[in-house]
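Below is one structure, written out as structure tokens; comments come after it.
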Amino acid sequence: MKKVLTAFGASAAAAIACLAALRPLFRHWGASPDEVTAPYPGADIVPDGERGATMAVTIDAPPEAVWPWLVQLGGDRGGWYSWDRLDNGGRPSADRIHPEWQNLKRGDTVKYWTKRYGAVDAWTVAALEPNRFLGLHGLSDLMGRPLDPAQPRPSAYTEGLWGFQLKELPGGRTRLVIGGYETFRPRAASWLLSQWIFPPIVWVMQARMLAVLKRNAERSPG
């Protein structure tokens, strides 16, 4: 029994060490050091927020070809361009631009699709600069239930800004940088969630999103 426990402990330690080594890769997939450390829009939207994961990709299309894909994000609209079985209730994300979903504005709600409840509120459009930046604000308790941002923050909650920044590059290309700010309370939850639990989950979903957005924008006519 002692040998079994020793082996289990060694395996657990190795797994933790591996995750610790991979964490920077998970959090900064595709992003340059400058993109990770440079100021990012929306710092004023999340009180006491800390920089979250920053991931990026270069798209061989201009910002105005990428922007329409971003503004139709949402469970009741274009989906999330990720693993649809995991984050879109099994419904396929859009593979074309939908004109009826191009009128997004500040204050709008971006919904998340669930198999049990259908479309539920998830994010509020907090910043919108066409062809430059889209910022989605979320505030919920630790069970994922939305909270009213006009009310005082409770002792336990999570708040974040999920940002999509477009930078024009020479040759009609775009640098898409996904980043933002996050707050977890109590602080013990911040260390556990933001440093250990969320990084691999965010990487799995967001790396897929970057790849699909790149593919879709590059295939779009014109």
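To be explicit about the labels: the chains of the structure tokens are called A, B, and onward in the order shown, and within each one the residues are counted from 1, while ligands get numbers from 1 in the order they are shown.
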
Item to check | Spatial neighbours of Gly75 of chain A, 6 Å, only C-alpha atoms, chain gap at least 2 places, as a list of chain:residue names | outcome: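 Residues meeting the cut-off are A:Arg77, A:Gly79, A:Lys111, A:Tyr112, A:Trp113.
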
Could you write those residues out with C-alpha atoms, as an mmCIF file, in the first residue's frame?
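Saved to out02.cif:
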data_model
loop_
_atom_site.group_PDB
_atom_site.id
_atom_site.type_symbol
_atom_site.label_atom_id
_atom_site.label_comp_id
_atom_site.auth_asym_id
_atom_site.auth_seq_id
_atom_site.Cartn_x
_atom_site.Cartn_y
_atom_site.Cartn_z
ATOM 1 C CA ARG A 77 -26.824 33.942 -33.570
ATOM 2 C CA GLY A 79 -22.360 30.549 -32.378
ATOM 3 C CA LYS A 111 -26.440 34.855 -25.278
ATOM 4 C CA TYR A 112 -25.097 31.391 -24.594
ATOM 5 C CA TRP A 113 -26.955 28.314 -25.859
#

Next on the checklist: Can you pull out the residues contacting Pro221 of chain A? Cut-off 12 Å, using only C-alpha atoms, and skip same-chain residues under 3 positions away; I want them as a ChimeraX atom specification.
Outcome noted: /A:61,65-66,96-97,216-218

Checklist entry - Which one of A:Arg175, A:Arg51, A:Val71, A:Gly89 sits closest to Glu159 of chain A if you count only C-alpha atoms? => result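 The answer is A:Arg51, which sits nearest to Glu159 of chain A.
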
Next on the checklist: From the options A:Asp87, A:Ala53, A:Leu136, A:Pro130, which residue's atoms come nearest to Lys115 of chain A, counting only C-alpha atoms?
Outcome noted: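 Checking each of A:Asp87, A:Ala53, A:Leu136, A:Pro130 against Lys115 of chain A, counting only C-alpha atoms, the winner is A:Asp87.
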
Item to check | Between atom CA of Met55 of chain A and atom CA of Gly30 of chain A - distance in Å to one decimal | outcome: 5.6 Å

Write out as a PDB file with N, CA, C and O atoms, in the first residue's frame each polymer residue whose atoms come within 10 Å of Leu128 of chain A, counting only C-alpha atoms; drop sequence neighbours fewer than 2 positions from it.
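Writing done, so here's result_37.pdb:
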ATOM      1  N   VAL A  71     -19.171  40.226 -34.822  1.00  0.00           N
ATOM      2  CA  VAL A  71     -20.401  40.848 -34.332  1.00  0.00           C
ATOM      3  C   VAL A  71     -21.601  39.901 -34.388  1.00  0.00           C
ATOM      4  O   VAL A  71     -22.656  40.220 -33.816  1.00  0.00           O
ATOM      5  N   LEU A 104     -25.146  44.723 -34.180  1.00  0.00           N
ATOM      6  CA  LEU A 104     -24.780  44.701 -32.759  1.00  0.00           C
ATOM      7  C   LEU A 104     -24.417  46.107 -32.285  1.00  0.00           C
ATOM      8  O   LEU A 104     -23.783  46.876 -33.010  1.00  0.00           O
ATOM      9  N   LYS A 105     -24.819  46.424 -31.036  1.00  0.00           N
ATOM     10  CA  LYS A 105     -24.498  47.741 -30.481  1.00  0.00           C
ATOM     11  C   LYS A 105     -24.207  47.619 -28.989  1.00  0.00           C
ATOM     12  O   LYS A 105     -24.528  46.606 -28.360  1.00  0.00           O
ATOM     13  N   ARG A 106     -23.608  48.650 -28.434  1.00  0.00           N
ATOM     14  CA  ARG A 106     -23.291  48.650 -27.001  1.00  0.00           C
ATOM     15  C   ARG A 106     -24.560  48.497 -26.175  1.00  0.00           C
ATOM     16  O   ARG A 106     -25.593  49.092 -26.474  1.00  0.00           O
ATOM     17  N   GLY A 107     -24.465  47.680 -25.124  1.00  0.00           N
ATOM     18  CA  GLY A 107     -25.611  47.415 -24.274  1.00  0.00           C
ATOM     19  C   GLY A 107     -26.390  46.181 -24.663  1.00  0.00           C
ATOM     20  O   GLY A 107     -27.213  45.690 -23.874  1.00  0.00           O
ATOM     21  N   VAL A 125     -22.485  43.688 -24.359  1.00  0.00           N
ATOM     22  CA  VAL A 125     -21.526  44.416 -25.186  1.00  0.00           C
ATOM     23  C   VAL A 125     -21.137  45.696 -24.453  1.00  0.00           C
ATOM     24  O   VAL A 125     -21.933  46.618 -24.316  1.00  0.00           O
ATOM     25  N   ALA A 126     -19.899  45.733 -23.980  1.00  0.00           N
ATOM     26  CA  ALA A 126     -19.422  46.869 -23.199  1.00  0.00           C
ATOM     27  C   ALA A 126     -18.566  47.827 -24.022  1.00  0.00           C
ATOM     28  O   ALA A 126     -18.400  48.988 -23.639  1.00  0.00           O
ATOM     29  N   PRO A 130     -16.119  49.511 -34.491  1.00  0.00           N
ATOM     30  CA  PRO A 130     -16.142  48.711 -35.721  1.00  0.00           C
ATOM     31  C   PRO A 130     -14.756  48.535 -36.345  1.00  0.00           C
ATOM     32  O   PRO A 130     -13.991  49.492 -36.478  1.00  0.00           O
ATOM     33  N   ASN A 131     -14.464  47.287 -36.697  1.00  0.00           N
ATOM     34  CA  ASN A 131     -13.216  46.880 -37.349  1.00  0.00           C
ATOM     35  C   ASN A 131     -11.993  47.031 -36.456  1.00  0.00           C
ATOM     36  O   ASN A 131     -10.860  46.848 -36.934  1.00  0.00           O
ATOM     37  N   ARG A 132     -12.231  47.328 -35.155  1.00  0.00           N
ATOM     38  CA  ARG A 132     -11.091  47.506 -34.246  1.00  0.00           C
ATOM     39  C   ARG A 132     -11.205  46.712 -32.949  1.00  0.00           C
ATOM     40  O   ARG A 132     -10.262  46.013 -32.577  1.00  0.00           O
ATOM     41  N   PHE A 133     -12.350  46.820 -32.260  1.00  0.00           N
ATOM     42  CA  PHE A 133     -12.425  46.171 -30.950  1.00  0.00           C
ATOM     43  C   PHE A 133     -13.860  45.867 -30.553  1.00  0.00           C
ATOM     44  O   PHE A 133     -14.753  46.712 -30.692  1.00  0.00           O
ATOM     45  N   LEU A 134     -14.059  44.654 -30.035  1.00  0.00           N
ATOM     46  CA  LEU A 134     -15.321  44.233 -29.450  1.00  0.00           C
ATOM     47  C   LEU A 134     -15.042  43.726 -28.050  1.00  0.00           C
ATOM     48  O   LEU A 134     -14.197  42.841 -27.866  1.00  0.00           O
ATOM     49  N   GLY A 135     -15.722  44.286 -27.049  1.00  0.00           N
ATOM     50  CA  GLY A 135     -15.527  43.879 -25.665  1.00  0.00           C
ATOM     51  C   GLY A 135     -16.819  43.384 -25.057  1.00  0.00           C
ATOM     52  O   GLY A 135     -17.820  44.111 -25.029  1.00  0.00           O
ATOM     53  N   LEU A 136     -16.822  42.138 -24.568  1.00  0.00           N
ATOM     54  CA  LEU A 136     -17.991  41.530 -23.948  1.00  0.00           C
ATOM     55  C   LEU A 136     -17.761  41.424 -22.447  1.00  0.00           C
ATOM     56  O   LEU A 136     -16.759  40.859 -22.008  1.00  0.00           O
ATOM     57  N   GLY A 163     -12.292  40.277 -24.771  1.00  0.00           N
ATOM     58  CA  GLY A 163     -12.061  41.244 -25.826  1.00  0.00           C
ATOM     59  C   GLY A 163     -11.530  40.629 -27.099  1.00  0.00           C
ATOM     60  O   GLY A 163     -10.783  39.646 -27.082  1.00  0.00           O
ATOM     61  N   PHE A 164     -11.906  41.264 -28.226  1.00  0.00           N
ATOM     62  CA  PHE A 164     -11.457  40.853 -29.554  1.00  0.00           C
ATOM     63  C   PHE A 164     -10.896  42.090 -30.246  1.00  0.00           C
ATOM     64  O   PHE A 164     -11.649  42.976 -30.664  1.00  0.00           O
TER      65      PHE A 164
END

Item to check | Spatial neighbours of Tyr81 of chain A, max dist 8 Å, only C-alpha atoms, sep filter under 5 positions, as a PyMOL selection string | outcome: chain A and resi 93-94+208-209+212-213

As an mmCIF file with N, CA and C atoms, in the first residue's frame, please: every residue in segment 23-111 of chain A that DSSP puts in strand (DSSP E or B).
data_model
loop_
_atom_site.group_PDB
_atom_site.id
_atom_site.type_symbol
_atom_site.label_atom_id
_atom_site.label_comp_id
_atom_site.auth_asym_id
_atom_site.auth_seq_id
_atom_site.Cartn_x
_atom_site.Cartn_y
_atom_site.Cartn_z
ATOM 1 N N GLU A 50 -7.546 41.700 -13.452
ATOM 2 C CA GLU A 50 -6.199 41.335 -13.859
ATOM 3 C C GLU A 50 -6.233 40.793 -15.283
ATOM 4 N N ARG A 51 -5.139 40.947 -16.016
ATOM 5 C CA ARG A 51 -5.093 40.436 -17.373
ATOM 6 C C ARG A 51 -5.325 38.932 -17.376
ATOM 7 N N MET A 55 -4.400 35.409 -26.468
ATOM 8 C CA MET A 55 -4.132 34.508 -27.577
ATOM 9 C C MET A 55 -4.319 35.274 -28.877
ATOM 10 N N ALA A 56 -3.620 34.854 -29.932
ATOM 11 C CA ALA A 56 -3.655 35.651 -31.156
ATOM 12 C C ALA A 56 -3.405 34.788 -32.392
ATOM 13 N N VAL A 57 -3.797 35.360 -33.530
ATOM 14 C CA VAL A 57 -3.561 34.706 -34.815
ATOM 15 C C VAL A 57 -3.491 35.785 -35.884
ATOM 16 N N THR A 58 -2.723 35.527 -36.937
ATOM 17 C CA THR A 58 -2.674 36.407 -38.105
ATOM 18 C C THR A 58 -3.619 35.866 -39.166
ATOM 19 N N ILE A 59 -4.472 36.732 -39.675
ATOM 20 C CA ILE A 59 -5.476 36.341 -40.661
ATOM 21 C C ILE A 59 -5.167 37.042 -41.981
ATOM 22 N N GLY A 74 -22.634 34.535 -30.681
ATOM 23 C CA GLY A 74 -23.740 34.341 -29.752
ATOM 24 C C GLY A 74 -24.467 33.032 -29.977
ATOM 25 N N GLY A 79 -23.112 31.529 -33.160
ATOM 26 C CA GLY A 79 -22.360 30.549 -32.378
ATOM 27 C C GLY A 79 -21.032 31.127 -31.917
ATOM 28 N N THR A 109 -27.213 42.259 -25.347
ATOM 29 C CA THR A 109 -26.866 41.024 -24.649
ATOM 30 C C THR A 109 -26.459 39.960 -25.658
ATOM 31 N N VAL A 110 -25.355 39.310 -25.393
ATOM 32 C CA VAL A 110 -24.900 38.179 -26.207
ATOM 33 C C VAL A 110 -25.193 36.914 -25.408
ATOM 34 N N LYS A 111 -25.928 36.009 -26.005
ATOM 35 C CA LYS A 111 -26.440 34.855 -25.278
ATOM 36 C C LYS A 111 -25.579 33.602 -25.482
#

Next on the checklist: What parts of segment 34-212 of chain A does DSSP call alpha helix (DSSP H)? I'd like the answer as a ChimeraX atom specification.
Outcome noted: /A:34-37,63-71,84-87,187-192,198-212

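Between atom CA of Ala122 of chain A and atom CA of Lys167 of chain A the interatomic distance comes to 26.2 Å.
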
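One finds atom CA of Tyr117 of chain A at 25.3 Å from atom CA of Gln151 of chain A.
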
Item to check | Distance criterion (only C-alpha atoms): nearest to Thr37 of chain A out of A:Thr124, A:Arg153, A:Leu86, A:Gly180 | outcome: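 Among the listed residues, the smallest separation from Thr37 of chain A belongs to A:Gly180.
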
Checklist entry - If you count only C-alpha atoms, which residues fall within 12 Å of Glu182 of chain A, apart from same-chain ones fewer than 6 positions away, as a ChimeraX atom specification? => result /A:42-54,136-140,157-163,189-191,193-195,198

Emit the selected residues as a compact mmCIF listing (two decimals), in the first residue's frame, including N, CA and C atoms.
# COMPACT_ATOMS: atom_id res chain seq x y z
N GLY A 42 -10.11 48.08 -22.42
CA GLY A 42 -11.14 47.62 -21.49
C GLY A 42 -10.73 47.48 -20.05
N ALA A 43 -9.56 47.99 -19.69
CA ALA A 43 -9.10 47.85 -18.30
C ALA A 43 -10.05 48.53 -17.32
N ASP A 44 -10.76 49.55 -17.77
CA ASP A 44 -11.65 50.30 -16.88
C ASP A 44 -13.02 49.63 -16.70
N ILE A 45 -13.28 48.58 -17.44
CA ILE A 45 -14.59 47.95 -17.41
C ILE A 45 -14.72 46.95 -16.27
N VAL A 46 -13.63 46.32 -15.88
CA VAL A 46 -13.65 45.32 -14.80
C VAL A 46 -12.88 45.87 -13.60
N PRO A 47 -13.57 46.30 -12.54
CA PRO A 47 -12.88 46.85 -11.37
C PRO A 47 -11.90 45.85 -10.78
N ASP A 48 -10.67 46.30 -10.54
CA ASP A 48 -9.63 45.46 -9.94
C ASP A 48 -9.33 44.23 -10.79
N GLY A 49 -9.64 44.29 -12.08
CA GLY A 49 -9.40 43.14 -12.94
C GLY A 49 -7.93 42.93 -13.25
N GLU A 50 -7.55 41.70 -13.45
CA GLU A 50 -6.20 41.34 -13.86
C GLU A 50 -6.23 40.79 -15.28
N ARG A 51 -5.14 40.95 -16.02
CA ARG A 51 -5.09 40.44 -17.37
C ARG A 51 -5.33 38.93 -17.38
N GLY A 52 -6.20 38.50 -18.27
CA GLY A 52 -6.46 37.08 -18.44
C GLY A 52 -5.59 36.52 -19.55
N ALA A 53 -5.99 35.39 -20.07
CA ALA A 53 -5.26 34.76 -21.16
C ALA A 53 -5.25 35.68 -22.38
N THR A 54 -4.15 35.69 -23.10
CA THR A 54 -4.02 36.47 -24.33
C THR A 54 -3.59 35.53 -25.44
N LEU A 136 -16.82 42.14 -24.57
CA LEU A 136 -17.99 41.53 -23.95
C LEU A 136 -17.76 41.42 -22.45
N HIS A 137 -18.72 41.96 -21.67
CA HIS A 137 -18.59 41.97 -20.22
C HIS A 137 -19.51 40.92 -19.61
N GLY A 138 -18.96 40.16 -18.66
CA GLY A 138 -19.75 39.15 -17.96
C GLY A 138 -19.59 39.27 -16.46
N LEU A 139 -20.68 39.07 -15.72
CA LEU A 139 -20.67 39.13 -14.26
C LEU A 139 -21.63 38.06 -13.74
N SER A 140 -21.14 37.15 -12.92
CA SER A 140 -21.99 36.07 -12.43
C SER A 140 -21.49 35.58 -11.09
N TYR A 157 -17.97 35.93 -6.54
CA TYR A 157 -18.44 36.19 -7.90
C TYR A 157 -17.26 36.10 -8.87
N THR A 158 -17.58 36.10 -10.13
CA THR A 158 -16.56 36.19 -11.17
C THR A 158 -16.99 37.24 -12.18
N GLU A 159 -16.06 38.04 -12.64
CA GLU A 159 -16.35 39.12 -13.58
C GLU A 159 -15.24 39.17 -14.61
N GLY A 160 -15.60 39.44 -15.85
CA GLY A 160 -14.57 39.46 -16.87
C GLY A 160 -14.95 40.28 -18.08
N LEU A 161 -13.92 40.72 -18.79
CA LEU A 161 -14.07 41.34 -20.10
C LEU A 161 -13.40 40.43 -21.11
N TRP A 162 -14.17 39.96 -22.07
CA TRP A 162 -13.66 39.11 -23.14
C TRP A 162 -13.53 40.00 -24.37
N GLY A 163 -12.29 40.28 -24.77
CA GLY A 163 -12.06 41.24 -25.83
C GLY A 163 -11.53 40.63 -27.10
N ALA A 189 -10.29 31.57 -4.79
CA ALA A 189 -10.88 31.06 -6.02
C ALA A 189 -10.11 31.58 -7.23
N SER A 190 -9.61 32.82 -7.16
CA SER A 190 -8.85 33.40 -8.25
C SER A 190 -7.62 32.56 -8.56
N TRP A 191 -6.89 32.22 -7.52
CA TRP A 191 -5.67 31.43 -7.74
C TRP A 191 -6.00 30.08 -8.35
N LEU A 193 -8.87 29.00 -9.96
CA LEU A 193 -9.55 29.01 -11.25
C LEU A 193 -8.69 29.60 -12.36
N SER A 194 -8.12 30.78 -12.13
CA SER A 194 -7.42 31.47 -13.20
C SER A 194 -6.05 30.87 -13.50
N GLN A 195 -5.42 30.25 -12.51
CA GLN A 195 -4.07 29.74 -12.72
C GLN A 195 -4.03 28.25 -13.07
N PHE A 198 -8.91 27.05 -15.37
CA PHE A 198 -9.35 27.65 -16.62
C PHE A 198 -8.34 27.59 -17.77
